[in-house]
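Visitor: Next comes input-v1.cif, mmCIF, C-alpha atoms and all ligand atoms:
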```cif
data_entry
#
loop_
_atom_site.label_atom_id
_atom_site.label_comp_id
_atom_site.auth_asym_id
_atom_site.auth_seq_id
_atom_site.Cartn_x
_atom_site.Cartn_y
_atom_site.Cartn_z
CA MET A 1 10.86 29.14 14.42
CA ASN A 2 9.08 27.13 17.09
CA SER A 3 9.69 27.75 20.78
CA VAL A 4 7.55 24.86 22.09
CA GLY A 5 8.90 22.10 19.85
CA PHE A 6 6.78 19.91 17.62
CA ARG A 7 6.41 16.18 17.48
CA LEU A 8 4.15 13.61 15.90
CA SER A 9 3.67 11.35 18.91
CA GLY A 10 1.36 8.83 17.22
CA VAL A 11 0.45 8.06 13.63
CA GLY A 12 -2.30 5.78 12.28
CA SER A 13 -3.98 4.93 9.00
CA ALA A 14 -6.93 3.06 7.56
CA LEU A 15 -7.90 1.65 4.17
CA PRO A 16 -11.23 0.10 3.18
CA GLU A 17 -11.14 -3.66 2.58
CA LYS A 18 -12.57 -3.50 -0.94
CA VAL A 19 -9.94 -3.22 -3.69
CA LEU A 20 -10.46 -2.01 -7.26
CA THR A 21 -7.61 -3.29 -9.44
CA ASN A 22 -6.47 -2.13 -12.86
CA HIS A 23 -7.73 -5.46 -14.18
CA ASP A 24 -11.20 -4.67 -12.77
CA LEU A 25 -11.13 -1.33 -14.65
CA GLU A 26 -10.04 -3.10 -17.85
CA SER A 27 -13.31 -5.00 -17.83
CA TRP A 28 -15.42 -1.85 -18.44
CA MET A 29 -12.98 0.88 -19.51
CA ASP A 30 -10.88 1.28 -22.65
CA THR A 31 -7.58 0.88 -20.78
CA THR A 32 -5.01 -1.72 -19.76
CA ASP A 33 -3.24 -2.63 -16.55
CA GLU A 34 0.06 -2.07 -18.36
CA TRP A 35 -0.89 1.50 -19.49
CA ILE A 36 -2.06 2.51 -16.00
CA ARG A 37 1.05 1.11 -14.28
CA GLU A 38 3.43 2.68 -16.81
CA ARG A 39 1.72 6.10 -16.94
CA THR A 40 0.81 6.44 -13.23
CA GLY A 41 2.56 3.76 -11.11
CA ILE A 42 -0.82 2.60 -9.75
CA SER A 43 -1.89 -1.08 -9.62
CA GLN A 44 -4.94 -0.81 -7.40
CA ARG A 45 -6.96 1.53 -5.22
CA HIS A 46 -9.33 0.95 -2.27
CA ILE A 47 -13.02 1.86 -2.42
CA GLY A 48 -15.97 1.76 0.00
CA SER A 49 -16.35 2.83 3.64
CA SER A 50 -16.80 6.57 4.26
CA THR A 51 -14.77 9.67 5.06
CA THR A 52 -16.07 9.61 8.65
CA GLU A 53 -15.29 5.90 9.18
CA LEU A 54 -11.80 6.15 7.71
CA ALA A 55 -10.99 9.35 9.62
CA THR A 56 -12.26 7.81 12.87
CA LEU A 57 -10.32 4.56 12.48
CA ALA A 58 -7.07 6.28 11.47
CA SER A 59 -7.45 8.77 14.36
CA GLN A 60 -8.13 6.04 16.92
CA ARG A 61 -5.00 4.22 15.75
CA ALA A 62 -2.96 7.43 15.98
CA MET A 63 -4.29 8.09 19.50
CA ASP A 64 -3.49 4.49 20.54
CA ALA A 65 0.04 4.85 19.12
CA ALA A 66 0.49 8.10 21.08
CA GLY A 67 -0.97 6.52 24.22
CA VAL A 68 -3.61 9.23 24.62
CA GLY A 69 -7.36 9.17 25.20
CA PRO A 70 -10.23 11.38 24.01
CA SER A 71 -9.89 13.85 26.88
CA ASP A 72 -6.26 14.54 25.91
CA ILE A 73 -7.12 15.97 22.45
CA ASP A 74 -7.57 19.75 22.26
CA LEU A 75 -8.51 20.10 18.58
CA LEU A 76 -9.33 18.01 15.51
CA LEU A 77 -8.31 19.28 12.07
CA LEU A 78 -9.66 17.11 9.24
CA ALA A 79 -8.24 17.55 5.75
CA THR A 80 -10.78 16.25 3.27
CA THR A 81 -11.95 17.00 -0.22
CA SER A 82 -14.75 14.43 -0.01
CA PRO A 83 -16.80 15.62 2.99
CA GLU A 84 -19.99 13.83 3.99
CA HIS A 85 -22.09 16.95 3.34
CA ILE A 86 -21.73 20.44 1.90
CA CYS A 87 -22.77 21.56 5.39
CA PRO A 88 -21.89 20.75 8.15
CA GLY A 89 -18.21 19.85 8.05
CA THR A 90 -17.21 16.21 8.55
CA ALA A 91 -14.86 16.88 11.49
CA PRO A 92 -17.56 17.33 14.19
CA GLY A 93 -19.01 13.87 13.39
CA VAL A 94 -15.54 12.30 13.56
CA ALA A 95 -14.84 14.03 16.88
CA SER A 96 -18.07 12.69 18.29
CA GLN A 97 -17.32 9.13 17.09
CA LEU A 98 -13.97 9.39 18.88
CA GLY A 99 -15.57 10.77 22.06
CA LEU A 100 -13.64 14.05 21.83
CA ASP A 101 -14.81 17.16 23.63
CA CYS A 102 -13.01 19.88 21.66
CA GLY A 103 -13.13 22.00 18.52
CA ALA A 104 -13.30 20.19 15.19
CA ILE A 105 -13.06 21.72 11.73
CA ASP A 106 -12.53 20.64 8.13
CA VAL A 107 -9.54 21.91 6.15
CA GLN A 108 -10.38 22.08 2.44
CA ALA A 109 -7.13 22.41 0.54
CA ALA A 110 -7.57 19.25 -1.57
CA CYS A 111 -4.42 17.10 -1.71
CA SER A 112 -2.38 19.70 0.21
CA GLY A 113 -4.85 19.70 3.12
CA TRP A 114 -2.85 17.58 5.55
CA VAL A 115 0.26 19.76 5.16
CA TYR A 116 -1.91 22.85 5.71
CA GLY A 117 -3.24 21.10 8.86
CA LEU A 118 0.27 20.39 10.11
CA THR A 119 1.26 24.06 9.94
CA MET A 120 -2.05 25.14 11.49
CA ALA A 121 -1.45 22.70 14.37
CA ASN A 122 1.87 24.41 15.03
CA GLY A 123 0.05 27.73 15.43
CA TYR A 124 -2.32 26.21 17.99
CA LEU A 125 0.58 24.63 19.91
CA LEU A 126 2.20 28.05 20.10
CA GLN A 127 -1.08 29.35 21.56
CA GLY A 128 -0.91 26.78 24.35
CA MET A 129 -2.77 23.70 23.11
CA ASP A 130 -1.27 20.34 24.11
CA ARG A 131 -2.45 17.77 21.58
CA ILE A 132 -3.95 18.21 18.14
CA LEU A 133 -5.22 15.48 15.84
CA VAL A 134 -4.37 16.24 12.22
CA VAL A 135 -6.31 13.85 10.02
CA GLY A 136 -6.60 13.34 6.27
CA ALA A 137 -9.48 11.15 5.08
CA GLU A 138 -11.20 10.63 1.77
CA ALA A 139 -14.01 8.65 0.20
CA LEU A 140 -13.13 9.78 -3.31
CA ASP A 141 -15.20 6.99 -4.85
CA LYS A 142 -18.23 9.26 -4.11
CA ILE A 143 -16.92 11.90 -6.54
CA THR A 144 -15.03 9.73 -9.05
CA ASP A 145 -16.44 8.42 -12.31
CA TYR A 146 -14.84 4.98 -12.65
CA HIS A 147 -15.90 4.94 -16.31
CA ASP A 148 -13.81 8.04 -17.14
CA ARG A 149 -10.32 6.88 -18.05
CA GLY A 150 -8.79 10.31 -17.38
CA THR A 151 -9.72 10.27 -13.66
CA GLY A 152 -11.14 6.83 -12.78
CA ILE A 153 -7.71 5.20 -12.95
CA LEU A 154 -6.27 7.51 -10.26
CA PHE A 155 -8.46 8.01 -7.22
CA GLY A 156 -9.15 5.84 -4.18
CA ASN A 157 -10.24 6.01 -0.53
CA GLY A 158 -8.17 6.06 2.66
CA GLY A 159 -7.40 7.80 5.93
CA GLY A 160 -4.36 8.81 7.94
CA ALA A 161 -3.87 10.74 11.17
CA ALA A 162 -1.23 12.05 13.54
CA VAL A 163 -1.31 13.31 17.11
CA ILE A 164 0.81 16.44 17.29
CA GLN A 165 2.15 17.89 20.50
CA PRO A 166 4.87 20.18 21.84
CA ASP A 167 8.33 18.72 22.39
CA PRO A 168 10.17 20.29 25.30
CA SER A 169 13.16 17.94 24.71
CA GLY A 170 14.44 20.20 21.93
CA VAL A 171 14.68 17.31 19.41
CA GLY A 172 11.32 17.50 17.65
CA GLU A 173 10.76 20.70 15.77
CA LEU A 174 8.87 22.17 12.83
CA LEU A 175 11.94 23.56 11.09
CA SER A 176 10.11 25.48 8.36
CA TRP A 177 7.07 25.44 6.14
CA ASP A 178 5.67 27.00 3.00
CA LEU A 179 2.08 27.22 1.77
CA GLY A 180 0.71 28.50 -1.52
CA ALA A 181 -2.41 28.75 -3.66
CA ASP A 182 -3.24 29.99 -7.14
CA GLY A 183 -6.95 30.23 -7.92
CA ARG A 184 -6.37 30.87 -11.62
CA TYR A 185 -6.14 27.10 -11.90
CA VAL A 186 -9.48 26.18 -10.27
CA LYS A 187 -10.80 24.62 -13.46
CA ILE A 188 -7.93 22.22 -14.10
CA LEU A 189 -9.21 19.97 -11.28
CA TYR A 190 -12.63 20.46 -9.70
CA ALA A 191 -16.01 18.92 -8.88
CA GLU A 192 -19.31 20.81 -9.01
CA HIS A 193 -21.91 20.30 -6.24
CA GLY A 194 -23.30 16.81 -6.76
CA GLY A 195 -20.82 16.12 -9.57
CA VAL A 196 -17.66 14.11 -10.14
CA LEU A 197 -14.02 15.16 -10.47
CA LYS A 198 -13.10 16.78 -13.80
CA MET A 199 -9.45 17.17 -14.64
CA ASP A 200 -7.07 18.48 -17.25
CA GLY A 201 -4.47 15.85 -16.39
CA LYS A 202 -1.62 17.28 -18.46
CA GLU A 203 -1.98 20.78 -16.96
CA VAL A 204 -2.26 19.40 -13.40
CA PHE A 205 0.92 17.43 -14.08
CA ARG A 206 2.78 20.51 -15.29
CA GLN A 207 1.59 22.76 -12.45
CA ALA A 208 2.29 20.11 -9.82
CA VAL A 209 5.93 19.68 -10.84
CA THR A 210 6.46 23.47 -10.76
CA ALA A 211 4.68 23.89 -7.40
CA ILE A 212 6.68 21.09 -5.77
CA GLN A 213 9.98 22.58 -6.91
CA ARG A 214 9.01 26.03 -5.63
CA THR A 215 7.65 24.96 -2.23
CA VAL A 216 10.48 22.54 -1.42
CA THR A 217 13.05 25.19 -2.33
CA ASN A 218 11.25 27.72 -0.09
CA SER A 219 11.07 25.38 2.91
CA LEU A 220 14.71 24.32 2.57
CA GLY A 221 15.79 27.97 2.29
CA ARG A 222 13.83 28.98 5.41
CA ALA A 223 15.30 26.08 7.41
CA GLY A 224 18.80 26.73 6.09
CA LEU A 225 19.07 23.10 4.98
CA THR A 226 20.25 21.43 1.78
CA ILE A 227 18.64 18.60 -0.15
CA ASP A 228 21.28 16.17 1.19
CA GLU A 229 20.25 16.85 4.78
CA ILE A 230 16.75 15.42 4.20
CA ASP A 231 16.46 11.85 5.51
CA LEU A 232 12.92 10.99 4.40
CA ILE A 233 10.47 12.57 1.96
CA VAL A 234 6.75 11.93 2.35
CA PRO A 235 5.06 13.41 -0.72
CA HIS A 236 1.53 13.61 -1.94
CA GLN A 237 1.36 10.97 -4.66
CA ALA A 238 -1.00 11.25 -7.61
CA ASN A 239 1.19 9.85 -10.33
CA ILE A 240 4.69 8.38 -9.87
CA ARG A 241 5.88 10.38 -12.89
CA ILE A 242 5.05 13.70 -11.16
CA VAL A 243 7.20 12.69 -8.18
CA GLU A 244 10.03 11.44 -10.42
CA SER A 245 10.01 14.59 -12.59
CA ALA A 246 10.05 16.96 -9.61
CA TRP A 247 12.72 14.91 -7.81
CA LYS A 248 14.92 14.97 -10.89
CA LYS A 249 14.72 18.75 -11.05
CA LEU A 250 15.37 19.14 -7.31
CA GLY A 251 18.03 16.41 -7.00
CA LEU A 252 15.95 14.39 -4.50
CA SER A 253 16.30 10.63 -4.23
CA MET A 254 13.48 8.12 -4.76
CA ASP A 255 15.29 5.84 -2.28
CA LYS A 256 14.53 8.34 0.47
CA THR A 257 10.87 8.62 -0.55
CA ALA A 258 7.92 6.96 1.20
CA MET A 259 5.58 5.69 -1.53
CA VAL A 260 2.25 3.85 -1.18
CA LEU A 261 0.73 4.94 -4.50
CA GLU A 262 0.98 1.54 -6.19
CA ASN A 263 -1.48 0.00 -3.71
CA THR A 264 -3.66 2.99 -2.83
CA GLY A 265 -3.88 5.23 -5.90
CA ASN A 266 -4.31 8.95 -5.22
CA THR A 267 -6.04 9.34 -1.85
CA SER A 268 -5.81 13.17 -1.87
CA GLY A 269 -5.66 14.58 1.69
CA ALA A 270 -5.07 11.10 3.17
CA THR A 271 -2.00 10.25 1.10
CA ILE A 272 0.75 11.86 3.15
CA PRO A 273 -0.26 10.47 6.58
CA LEU A 274 -0.92 7.07 4.95
CA ALA A 275 2.59 7.04 3.46
CA LEU A 276 4.07 8.27 6.75
CA ASP A 277 2.39 5.45 8.68
CA ASP A 278 3.73 2.96 6.15
CA ALA A 279 7.27 4.40 6.50
CA LEU A 280 7.05 4.17 10.30
CA SER A 281 5.86 0.54 10.11
CA ASN A 282 8.94 -0.19 8.01
CA ASP A 283 11.29 1.55 10.51
CA ARG A 284 12.31 4.19 7.98
CA VAL A 285 12.31 7.10 10.47
CA LYS A 286 14.48 7.58 13.53
CA ASN A 287 14.58 10.38 16.07
CA GLY A 288 16.60 13.36 14.86
CA ASP A 289 15.88 12.64 11.17
CA VAL A 290 14.78 15.50 8.94
CA VAL A 291 11.46 14.63 7.27
CA LEU A 292 10.06 16.60 4.34
CA PHE A 293 6.30 16.60 3.76
CA VAL A 294 5.16 18.02 0.43
CA GLY A 295 1.68 18.25 -1.08
CA PHE A 296 0.01 19.78 -4.13
CA GLY A 297 -3.48 19.59 -5.52
CA ALA A 298 -6.69 21.19 -6.68
CA GLY A 299 -7.00 24.89 -6.16
CA MET A 300 -4.15 24.86 -7.09
CA THR A 301 -2.82 24.56 -3.59
CA TRP A 302 0.58 23.39 -2.44
CA GLY A 303 2.57 23.19 0.74
CA SER A 304 5.63 21.69 2.35
CA ALA A 305 7.01 21.32 5.84
CA LEU A 306 10.33 20.19 7.25
CA VAL A 307 10.16 18.42 10.60
CA ARG A 308 13.01 17.23 12.80
CA TRP A 309 11.56 13.95 13.94
CA ASN A 310 10.93 12.88 17.52
CA GLY A 311 8.34 10.14 17.54
CA SER A 312 9.03 8.49 20.88
O1 LIG B 1 -3.72 15.11 -6.81
C1 LIG B 1 -3.59 15.72 -8.07
C2 LIG B 1 -4.50 14.99 -8.99
N1 LIG B 1 -4.18 14.65 -10.31
C3 LIG B 1 -2.99 14.47 -10.92
O2 LIG B 1 -1.94 14.68 -10.39
C4 LIG B 1 -3.05 14.00 -12.33
C5 LIG B 1 -1.89 14.42 -13.15
N2 LIG B 1 -1.98 13.88 -14.50
C6 LIG B 1 -1.83 12.58 -14.80
O3 LIG B 1 -1.62 11.76 -13.91
C7 LIG B 1 -1.86 12.17 -16.25
O4 LIG B 1 -2.07 13.32 -17.05
C8 LIG B 1 -2.92 11.09 -16.59
C9 LIG B 1 -2.52 9.76 -15.96
C10 LIG B 1 -4.29 11.50 -16.09
C11 LIG B 1 -2.96 10.89 -18.10
O5 LIG B 1 -1.68 10.55 -18.55
P1 LIG B 1 -1.01 11.29 -19.80
O6 LIG B 1 0.31 10.72 -19.97
O7 LIG B 1 -1.13 12.78 -19.56
O8 LIG B 1 -1.96 10.81 -20.97
P2 LIG B 1 -2.67 11.70 -22.10
O9 LIG B 1 -3.94 12.27 -21.58
O10 LIG B 1 -1.69 12.59 -22.75
O11 LIG B 1 -3.00 10.57 -23.16
C12 LIG B 1 -1.97 9.88 -23.91
C13 LIG B 1 -2.62 8.81 -24.72
C14 LIG B 1 -3.83 9.29 -25.52
O12 LIG B 1 -3.91 8.51 -26.69
P3 LIG B 1 -3.35 9.09 -28.09
O13 LIG B 1 -4.14 10.34 -28.34
O14 LIG B 1 -1.89 9.33 -27.88
O15 LIG B 1 -3.65 7.98 -29.06
C15 LIG B 1 -4.99 8.95 -24.63
O16 LIG B 1 -6.19 8.78 -25.35
O17 LIG B 1 -3.11 7.80 -23.82
C16 LIG B 1 -4.53 7.65 -24.00
N3 LIG B 1 -5.11 7.43 -22.68
C17 LIG B 1 -5.28 6.21 -22.17
N4 LIG B 1 -5.01 4.99 -22.66
C18 LIG B 1 -5.29 3.95 -21.86
C19 LIG B 1 -5.52 8.35 -21.79
N5 LIG B 1 -5.96 7.74 -20.68
C20 LIG B 1 -5.82 6.41 -20.90
C21 LIG B 1 -6.11 5.28 -20.11
N6 LIG B 1 -5.83 4.06 -20.64
N7 LIG B 1 -6.64 5.34 -18.89
#
```
Would you put the structure from the file into structure tokens?
Ligand code: UT7
Guide:
Amino acid sequence: MNSVGFRLSGVGSALPEKVLTNHDLESWMDTTDEWIRERTGISQRHIGSSTTELATLASQRAMDAAGVGPSDIDLLLLATTSPEHICPGTAPGVASQLGLDCGAIDVQAACSGWVYGLTMANGYLLQGMDRILVVGAEALDKITDYHDRGTGILFGNGGGAAVIQPDPSGVGELLSWDLGADGRYVKILYAEHGGVLKMDGKEVFRQAVTAIQRTVTNSLGRAGLTIDEIDLIVPHQANIRIVESAWKKLGLSMDKTAMVLENTGNTSGATIPLALDDALSNDRVKNGDVVLFVGFGAGMTWGSALVRWNGS
């Protein structure tokens, strides 16, 4: 599919220092630590900082890991569902904090945003760009009601980023991808201007499991690969039971899955790069591995991408 190759040459992430535990929530919400852990797999989430700060820090770390400076970046794509303003986008401010001199735009595809960004980056590489920062960052505490037990138990803040560039070696490649959206489901997860997230949790759960199955099957089919040929899965993670249900239907293994949900909660567009950075820190990816990224979220939107890894 990709004649210039594709590699994530540096990955970074950032979490705010302040932690909101299930026990903290217990003190003002009709819930328990046990219920939240059993029904979602979450023990704590991070709050504070801002989308711009988290995006900037994660991006700087990704650029340091790639060994590149501001003048090397040709484009910044920022996946966020918690922008600083309705207008302008958050990406230009992040680019300026980083000292970049290039285009910078927000990608609003909720929790699928970073996967959308990854596939968009591939298009720009094919048009001749050399290095693209694909960032996911969220300050979801700005749009979460931590007194609502249907949503307040799930969401937290974080940031993750990757520098993406061509790979002439022939190892690193975007093998296939699949994107989708279905606007009939806008109202199962949304926030009005100035409001907080409203969610029909059961319906989101159902739709998410279906969307994951469909998009993973599509990406595997386009790459001509089987489930067994995947070495690492980096999924969006909103609730451990969504991942487990979809994996059971697809025949994917939790052992091959990079999870950070327990400590971060659902960080929407930031989740996948955060989990990828964690997997890299734990030496779970080696060159030549097939890595599956899969996201789903409000919209509904969904997306997946299969990458043959070349990080070095
Ligand atoms: O990025 C995508 C974003 N969102 C998601 O992926 C969310 C997907 N959905 C979910 O994660 C789950 O639907 C929730 C975690 C939000 C809720 O879990 P559930 O298993 O769907 O619970 P439920 O709403 O069916 O409620 C079951 C019971 C009810 O009590 P009764 O009627 O059986 O007596 C609720 O009142 O659990 C009760 N309940 C709670 N109890 C303690 C609901 N929320 C809580 C809570 N603590 N926080």
Visitor: Could you tell me, counting all atoms listed in the file, which protein and nucleic acid residues lie no more than 9 Å from ligand LIG 1 (chain B), written as number ranges by chain?
Guide: A: 26, 29-36, 39-40, 110-112, 148-155, 189, 199-206, 208, 236-242, 266-269, 295-298
Visitor: Give me the residues near Ile47 (chain A) as a JSON list (two decimals) with C-alpha atoms, keeping the file's coordinate frame, where near means some atom within 7 Å (using all atoms listed in the file) and where sequence neighbours in that chain fewer than 3 positions away do not count.
Guide:
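Listed below is the output, result-v6.json:
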```json
[["chain", "number", "residue", "atom", "x", "y", "z"],
["A", 16, "PRO", "CA", -11.23, 0.10, 3.18],
["A", 18, "LYS", "CA", -12.57, -3.50, -0.94],
["A", 19, "VAL", "CA", -9.94, -3.22, -3.69],
["A", 20, "LEU", "CA", -10.46, -2.01, -7.26],
["A", 141, "ASP", "CA", -15.20, 6.99, -4.85],
["A", 156, "GLY", "CA", -9.15, 5.84, -4.18],
["A", 157, "ASN", "CA", -10.24, 6.01, -0.53]]
```
Visitor: I'd like the interatomic distance between CA of Val260 (chain A) and CA of Pro70 (chain A), to a tenth of an Å.
Guide: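 CA of Pro70 (chain A) lies 29.1 Å from CA of Val260 (chain A).
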Visitor: Show which residues sit within 12 Å of Lys286 (chain A), as an mmCIF file with C-alpha atoms, keeping the file's coordinate frame. Count all atoms listed in the file, and ignore same-chain residues fewer than 5 positions away.
Guide:
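Once written, result_25.cif looks like this:
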```cif
data_model
loop_
_atom_site.group_PDB
_atom_site.id
_atom_site.type_symbol
_atom_site.label_atom_id
_atom_site.label_comp_id
_atom_site.auth_asym_id
_atom_site.auth_seq_id
_atom_site.Cartn_x
_atom_site.Cartn_y
_atom_site.Cartn_z
ATOM 1 C CA VAL A 171 14.680 17.310 19.410
ATOM 2 C CA GLY A 172 11.320 17.500 17.650
ATOM 3 C CA ASP A 231 16.460 11.850 5.510
ATOM 4 C CA LEU A 232 12.920 10.990 4.400
ATOM 5 C CA ALA A 279 7.270 4.400 6.500
ATOM 6 C CA LEU A 280 7.050 4.170 10.300
ATOM 7 C CA SER A 281 5.860 0.540 10.110
ATOM 8 C CA VAL A 291 11.460 14.630 7.270
ATOM 9 C CA ARG A 308 13.010 17.230 12.800
ATOM 10 C CA TRP A 309 11.560 13.950 13.940
ATOM 11 C CA ASN A 310 10.930 12.880 17.520
ATOM 12 C CA GLY A 311 8.340 10.140 17.540
ATOM 13 C CA SER A 312 9.030 8.490 20.880
#
```
Visitor: Using Å and a single decimal, report how far CA of Val209 (chain A) sits from CA of Ser245 (chain A).
Guide: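 Calculated distance between CA of Ser245 (chain A) and CA of Val209 (chain A) is 6.8 Å.
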Visitor: Find the residues near region 175-187 of chain A: any atom within 10 Å, counting all atoms listed in the file, skip ones fewer than 5 places away on the same chain, and give them as a PDB file with C-alpha atoms, in the coordinates of the input.
Guide:
```
ATOM      1  CA  MET A   1      10.860  29.140  14.420  1.00  0.00           C
ATOM      2  CA  ASN A   2       9.080  27.130  17.090  1.00  0.00           C
ATOM      3  CA  GLY A   5       8.900  22.100  19.850  1.00  0.00           C
ATOM      4  CA  PHE A   6       6.780  19.910  17.620  1.00  0.00           C
ATOM      5  CA  ALA A 109      -7.130  22.410   0.540  1.00  0.00           C
ATOM      6  CA  SER A 112      -2.380  19.700   0.210  1.00  0.00           C
ATOM      7  CA  VAL A 115       0.260  19.760   5.160  1.00  0.00           C
ATOM      8  CA  TYR A 116      -1.910  22.850   5.710  1.00  0.00           C
ATOM      9  CA  LEU A 118       0.270  20.390  10.110  1.00  0.00           C
ATOM     10  CA  THR A 119       1.260  24.060   9.940  1.00  0.00           C
ATOM     11  CA  LYS A 198     -13.100  16.780 -13.800  1.00  0.00           C
ATOM     12  CA  MET A 199      -9.450  17.170 -14.640  1.00  0.00           C
ATOM     13  CA  ASP A 200      -7.070  18.480 -17.250  1.00  0.00           C
ATOM     14  CA  GLU A 203      -1.980  20.780 -16.960  1.00  0.00           C
ATOM     15  CA  VAL A 204      -2.260  19.400 -13.400  1.00  0.00           C
ATOM     16  CA  GLN A 207       1.590  22.760 -12.450  1.00  0.00           C
ATOM     17  CA  ALA A 211       4.680  23.890  -7.400  1.00  0.00           C
ATOM     18  CA  ARG A 214       9.010  26.030  -5.630  1.00  0.00           C
ATOM     19  CA  THR A 215       7.650  24.960  -2.230  1.00  0.00           C
ATOM     20  CA  VAL A 216      10.480  22.540  -1.420  1.00  0.00           C
ATOM     21  CA  THR A 217      13.050  25.190  -2.330  1.00  0.00           C
ATOM     22  CA  ASN A 218      11.250  27.720  -0.090  1.00  0.00           C
ATOM     23  CA  SER A 219      11.070  25.380   2.910  1.00  0.00           C
ATOM     24  CA  LEU A 220      14.710  24.320   2.570  1.00  0.00           C
ATOM     25  CA  GLY A 221      15.790  27.970   2.290  1.00  0.00           C
ATOM     26  CA  ARG A 222      13.830  28.980   5.410  1.00  0.00           C
ATOM     27  CA  ALA A 223      15.300  26.080   7.410  1.00  0.00           C
ATOM     28  CA  GLY A 224      18.800  26.730   6.090  1.00  0.00           C
ATOM     29  CA  LEU A 225      19.070  23.100   4.980  1.00  0.00           C
ATOM     30  CA  VAL A 290      14.780  15.500   8.940  1.00  0.00           C
ATOM     31  CA  VAL A 291      11.460  14.630   7.270  1.00  0.00           C
ATOM     32  CA  LEU A 292      10.060  16.600   4.340  1.00  0.00           C
ATOM     33  CA  PHE A 293       6.300  16.600   3.760  1.00  0.00           C
ATOM     34  CA  VAL A 294       5.160  18.020   0.430  1.00  0.00           C
ATOM     35  CA  GLY A 295       1.680  18.250  -1.080  1.00  0.00           C
ATOM     36  CA  PHE A 296       0.010  19.780  -4.130  1.00  0.00           C
ATOM     37  CA  GLY A 297      -3.480  19.590  -5.520  1.00  0.00           C
ATOM     38  CA  ALA A 298      -6.690  21.190  -6.680  1.00  0.00           C
ATOM     39  CA  GLY A 299      -7.000  24.890  -6.160  1.00  0.00           C
ATOM     40  CA  MET A 300      -4.150  24.860  -7.090  1.00  0.00           C
ATOM     41  CA  THR A 301      -2.820  24.560  -3.590  1.00  0.00           C
ATOM     42  CA  TRP A 302       0.580  23.390  -2.440  1.00  0.00           C
ATOM     43  CA  GLY A 303       2.570  23.190   0.740  1.00  0.00           C
ATOM     44  CA  SER A 304       5.630  21.690   2.350  1.00  0.00           C
ATOM     45  CA  ALA A 305       7.010  21.320   5.840  1.00  0.00           C
ATOM     46  CA  LEU A 306      10.330  20.190   7.250  1.00  0.00           C
ATOM     47  CA  VAL A 307      10.160  18.420  10.600  1.00  0.00           C
ATOM     48  CA  ARG A 308      13.010  17.230  12.800  1.00  0.00           C
TER      49      ARG A 308
END
```
Visitor: Quick check, in Å to one decimal: how far apart do CA of Leu140 (chain A) and CA of Gly12 (chain A) lie?
Guide: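 Interatomic distance, CA of Leu140 (chain A) to CA of Gly12 (chain A): 19.4 Å.
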Visitor: Keeping N, CA and C atoms (and nothing else), can you write region 154-165 of chain A of this structure as a short mmCIF file (atom, residue, chain, number, x, y, z; two decimals), in the first residue's frame?
Guide:
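Saved as out.cif:
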```
data_model
loop_
_atom_site.label_atom_id
_atom_site.label_comp_id
_atom_site.auth_asym_id
_atom_site.auth_seq_id
_atom_site.Cartn_x
_atom_site.Cartn_y
_atom_site.Cartn_z
N LEU A 154 -15.07 7.07 34.66
CA LEU A 154 -14.30 6.60 33.51
C LEU A 154 -13.16 7.52 33.08
N PHE A 155 -13.42 8.84 33.01
CA PHE A 155 -12.54 9.69 32.21
C PHE A 155 -11.41 10.36 32.97
N GLY A 156 -10.26 10.50 32.31
CA GLY A 156 -9.10 11.16 32.89
C GLY A 156 -8.29 11.88 31.82
N ASN A 157 -7.22 12.55 32.26
CA ASN A 157 -6.40 13.38 31.37
C ASN A 157 -5.11 12.65 30.99
N GLY A 158 -4.55 13.02 29.84
CA GLY A 158 -3.25 12.46 29.45
C GLY A 158 -2.87 12.91 28.06
N GLY A 159 -1.65 12.57 27.67
CA GLY A 159 -1.18 12.92 26.32
C GLY A 159 -0.21 11.87 25.82
N GLY A 160 -0.20 11.69 24.50
CA GLY A 160 0.75 10.76 23.88
C GLY A 160 1.06 11.26 22.48
N ALA A 161 2.25 10.96 21.99
CA ALA A 161 2.64 11.49 20.67
C ALA A 161 3.63 10.56 19.99
N ALA A 162 3.63 10.63 18.66
CA ALA A 162 4.63 9.86 17.89
C ALA A 162 5.12 10.71 16.73
N VAL A 163 6.42 10.60 16.46
CA VAL A 163 6.98 11.18 15.24
C VAL A 163 6.90 10.10 14.17
N ILE A 164 6.30 10.46 13.04
CA ILE A 164 6.12 9.47 11.97
C ILE A 164 6.90 9.92 10.74
N GLN A 165 7.63 8.99 10.17
CA GLN A 165 8.43 9.35 8.99
C GLN A 165 8.52 8.20 8.01
#
```
